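Before any comments, here is the structure.
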Amino acid sequence: MKPSLNSFLRVTFILLVLSGCSFPDPEDVTVVENPETVLSIPDGFDFSTYHDVKINIVDNGNYAKYDIYAFSDELYDAGTETFENEYGETVTETLYKSDLLEKLIFSGVAKNGVLQQTINLPKFYNQVYIRRNESLQFTAHIKDIVNQEVNFNATEAKKIVKSSASKNAIDYLYCVNGSAQLFQVDPLTGDLTDLSQMPMGSFTCAIDQENKALYSIGKSSPFPLMKYSIEQDTWETVANLGIGGPRLEYNANDELLYFSTKDKLYTFDPSTGANLNTWKIVGLDNIAGGDLAFAEDGTLYMCTFSGLYRLELDDNDIYQSTRISADNLPFQPTSMTFDSNQELWLANNGSSSNLIVMDTQTGGWQYQYGISANNNTNFKRTINDLTTFRVFPETVSQIDTDGDGILDQDDAYPDNPDVAFEFFTPSKYGKGTISFEDLWPTTGDYDFNDAALSYQAIALLNSDNLAVQLDFTCNIKANGAGFTNGIGFEIEGLSPSDIESVTGSVLSKDFIVLNQNGTEANQDKAVIILADDVDNILSETIISIRFTTPISTANLGVAPFNPFLIVNMDREKEIHLPYMNPTSLGNKSTTFGGTNKDSDGNYISDNGYPWAISIVHDFKVPKEKVAITEAYNFFTVWAESGGADYKDWYKDSVGNRNEELIDK
């Protein structure tokens, strides 16, 4: 039982009198109670928020590059945005985006028909997104994680190839929307493949086929003209146009962009964004929404929310519109494009758009894909504009500058024959966090901010998909300790001799001894010390590890490996994640004196709390002296369920956090 306030004051008063001190005012006395709560966790629960997943890809077909992403169909709130919608109205709306393409984990090309990697995924992910690129012919598959494995055979990606007899081309519909998604739809199957996250959402897109470039105008001021390289998967801004709208087309005959909003038509130089011409359009029944498209014979078509029109420039330099669709359509067309067979494709306005095929002679139409087509297709997103990209046999460049067997457009290092791909942990744009309590083996305050390490690991892979180097980018994001603590990790699958060199470690305290190759001396396994004082890596630091010979990720293991904190320069006092082993230089908790709350040496206290936790996420640590159970509402439920419930307890989801208790 805790003593009452009155009892506490009485004892304090007597002591003060005996010592000759004056009695303090009662309002100045603060009683701090720190009850030791207990977590009732299942036996063997290690507080892990992630697990290893083995990716097995079999591909005995043609050369193809694979990109593997962690998959979730959840959208996140990206804030509000003010823009002119397709009705011409200025609105402010909440913008919801997908972060799928920000979750790239690795890329590779099958070697001898096989591509295998072991990745590290948060346990709340149940699927991965596998994108295959064979000569710019993209296919994508969402695969379930079963028993920590994903199996994919390229025969699943086989498709019926239908090409134009005259063009020998395979068509793909490239689509954009106001949520900044660029994606492809296969017109033969209706299959959708995500391609890129746009710099800004857009209602327009047009393709320069010869240069394999897609143009799009941002939907918000200053309305940037954006250019996307289909081969390189890169974006650049050409110019700010200062005007936005829903219709855009590229004319291969004069190599200009044709843009239209309301009842005006403009031409822009795609290389500079300069406005070259402006025309008025007459005869439109509705000037909202729609798109532009040039037919193969040069005829310019326009659709608005009232239907399909043919445009012709008269002697007065005015575009006359002739309505083709006789009646108002039951849908509002946002976009249109001609495929290689001169079939006209349209998409309608809606939260889940349909794709429609229309006859340019009669205006007759039918739903081809989407909910209204009643053929089990559902895009679950808006298509604000679409255009056609034609893949010819000679479309893709076959240049391989470094001669490693990987084409330049697929090679992350096209001038380096030793490196071809990158493997990210947690992901290309993500960071992980390892947080420590440094009072082990005694009780801590469980705010997990004594040392919090933010990290991203990038394994550089050769053309055989083997790791040749690991770049570990890290910094201390929270340091609430009063000790001088060091930090490092052990790669359990490697010995020191498997390491050629380690560079970038920050050592200043003279209690760490290194081998000549930069690994820590007197260790049975490869141990990398990041810093002997965490204060020295408050800013971003890169530690690079070169391997003696290329190694598979299965043998290497996955970051963050076996991380540990060295407490107050006492080299044998290491704090590890639950159930992880100390290094050769560390000692189990049973060898330390004092109050030992880790009686069985598994780095979990007798009251059920760990001294370290690793999260494949940019974890926001609690404020000083705020227990993690107070800052995160579902931590206790997660832990006591053995990790079965609230697997994403640490994410910025509604109800997960008490924001006022989180250190920003």
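Residues are named by chain letter and number: chains run A, B, ... in the order of the structure tokens, numbers start at 1 in each chain, and ligands are numbered from 1 in the order shown.
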Check: What lies within 12 Å of Ser220 in chain A using only C-alpha atoms, ignoring chain neighbours under 6 positions off, as an MDAnalysis selection string?
Finding: chainID A and resid 80:85 90:93 178:180 199:203 240:246
Notebook entry, point to check: Among range 604-633 of chain A, which residues carry a DSSP assignment of helix (DSSP H, G or I), reported as an NGL selection string?
Noted result: :A and (628-631)
Would you output that residue set with C-alpha atoms, as a PDB file, in the first residue's frame?
```
ATOM      1  CA  ILE A 628       4.196   3.624 -23.529  1.00  0.00           C
ATOM      2  CA  THR A 629       0.945   2.167 -22.179  1.00  0.00           C
ATOM      3  CA  GLU A 630      -0.333   5.705 -21.594  1.00  0.00           C
ATOM      4  CA  ALA A 631       0.817   7.194 -24.891  1.00  0.00           C
TER       5      ALA A 631
END
```
Margin query: Restricting the calculation to only C-alpha atoms: of A:Gly88, A:Gly504, A:Pro333, A:Pro393, which residue gets closest to Cys303 in chain A?
Written below: A:Pro333
Per residue of range 38-98 of chain A within 12 Å of range 370-389 of chain A, record the nearest atom pair and its distance in Å to one decimal, counting only C-alpha atoms, with rows in chain order and ascending residue number, as a tab-separated table.
```
residue	atom	partner	partner_atom	distance
A:Asp73	CA	A:Lys380	CA	9.8
A:Glu74	CA	A:Lys380	CA	11.5
A:Leu75	CA	A:Arg381	CA	11.0
A:Asn85	CA	A:Asn384	CA	10.3
A:Glu86	CA	A:Asn384	CA	8.7
A:Tyr96	CA	A:Arg381	CA	11.1
A:Lys97	CA	A:Arg381	CA	10.7
A:Ser98	CA	A:Arg381	CA	10.6
```
Could you please take those selected residues and save C-alpha atoms as a PDB file, in the first residue's frame?
```pdb
ATOM      1  CA  ASP A  73      -5.388  -0.679 -50.084  1.00  0.00           C
ATOM      2  CA  GLU A  74      -5.886   1.861 -47.295  1.00  0.00           C
ATOM      3  CA  LEU A  75      -5.793   5.546 -48.232  1.00  0.00           C
ATOM      4  CA  ASN A  85     -12.756  20.606 -60.398  1.00  0.00           C
ATOM      5  CA  GLU A  86     -13.961  19.247 -63.730  1.00  0.00           C
ATOM      6  CA  TYR A  96      -6.789  10.930 -49.804  1.00  0.00           C
ATOM      7  CA  LYS A  97      -3.775   9.160 -51.258  1.00  0.00           C
ATOM      8  CA  SER A  98      -2.392   5.658 -51.572  1.00  0.00           C
TER       9      SER A  98
END
```
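Comparing A:Trp440, A:Leu530, A:Trp638, A:Gly608 by their smallest distance to Lys588 in chain A, the closest is A:Trp440 (using only C-alpha atoms).
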Note to self: Need the shell around Thr636 in chain A: protein/DNA/RNA residues with any atom at most 10 Å away, counting only C-alpha atoms. Skip same-chain ones fewer than 6 positions apart. Format as a PyMOL selection string?
What the structure shows: chain A and resi 38-41+628-630+642-643+645-646+649
Please dump the current selection as a CSV table (one decimal), in the first residue's frame; keep N, CA and C atoms.
```csv
chain,number,residue,atom,x,y,z
A,38,VAL,N,1.7,-4.3,-14.4
A,38,VAL,CA,2.1,-5.6,-14.9
A,38,VAL,C,1.4,-5.9,-16.2
A,39,LEU,N,2.2,-6.4,-17.2
A,39,LEU,CA,1.7,-6.9,-18.4
A,39,LEU,C,1.6,-8.4,-18.3
A,40,SER,N,0.4,-8.9,-18.6
A,40,SER,CA,0.2,-10.4,-18.6
A,40,SER,C,0.4,-10.9,-20.0
A,41,ILE,N,1.6,-11.1,-20.4
A,41,ILE,CA,1.9,-11.5,-21.7
A,41,ILE,C,2.0,-13.1,-21.8
A,628,ILE,N,4.7,3.9,-22.2
A,628,ILE,CA,4.2,3.6,-23.5
A,628,ILE,C,2.7,3.2,-23.5
A,629,THR,N,2.3,2.6,-22.4
A,629,THR,CA,0.9,2.2,-22.2
A,629,THR,C,0.0,3.3,-22.1
A,630,GLU,N,0.5,4.5,-21.7
A,630,GLU,CA,-0.3,5.7,-21.6
A,630,GLU,C,-0.4,6.4,-22.9
A,642,GLY,N,-0.5,-11.4,-27.2
A,642,GLY,CA,0.6,-12.0,-27.9
A,642,GLY,C,0.8,-11.5,-29.3
A,643,GLY,N,0.4,-10.2,-29.5
A,643,GLY,CA,0.6,-9.6,-30.8
A,643,GLY,C,-0.6,-9.9,-31.8
A,645,ASP,N,-3.8,-9.0,-31.6
A,645,ASP,CA,-4.8,-7.8,-31.7
A,645,ASP,C,-4.0,-6.5,-31.9
A,646,TYR,N,-4.6,-5.6,-32.6
A,646,TYR,CA,-4.1,-4.3,-32.8
A,646,TYR,C,-2.6,-4.3,-33.3
A,649,TRP,N,-0.8,-1.0,-33.7
A,649,TRP,CA,-1.0,-0.1,-32.5
A,649,TRP,C,-0.2,1.2,-32.6
```
Margin query: DSSP on the backbone: which residues in range 80-194 of chain A end up as strand (DSSP E)? Give the answer as JSON, numbers by chain.
Written below: {"A": [80, 81, 82, 83, 84, 90, 91, 92, 93, 94, 95, 96, 97, 98, 104, 105, 106, 107, 108, 109, 114, 115, 116, 117, 118, 119, 120, 121, 122, 127, 128, 129, 130, 131, 132, 133, 134, 137, 138, 139, 140, 141, 142, 143, 144, 149, 150, 151, 152, 153, 170, 171, 172, 173, 174, 175, 176, 181, 182, 183, 184, 185, 192, 193, 194]}
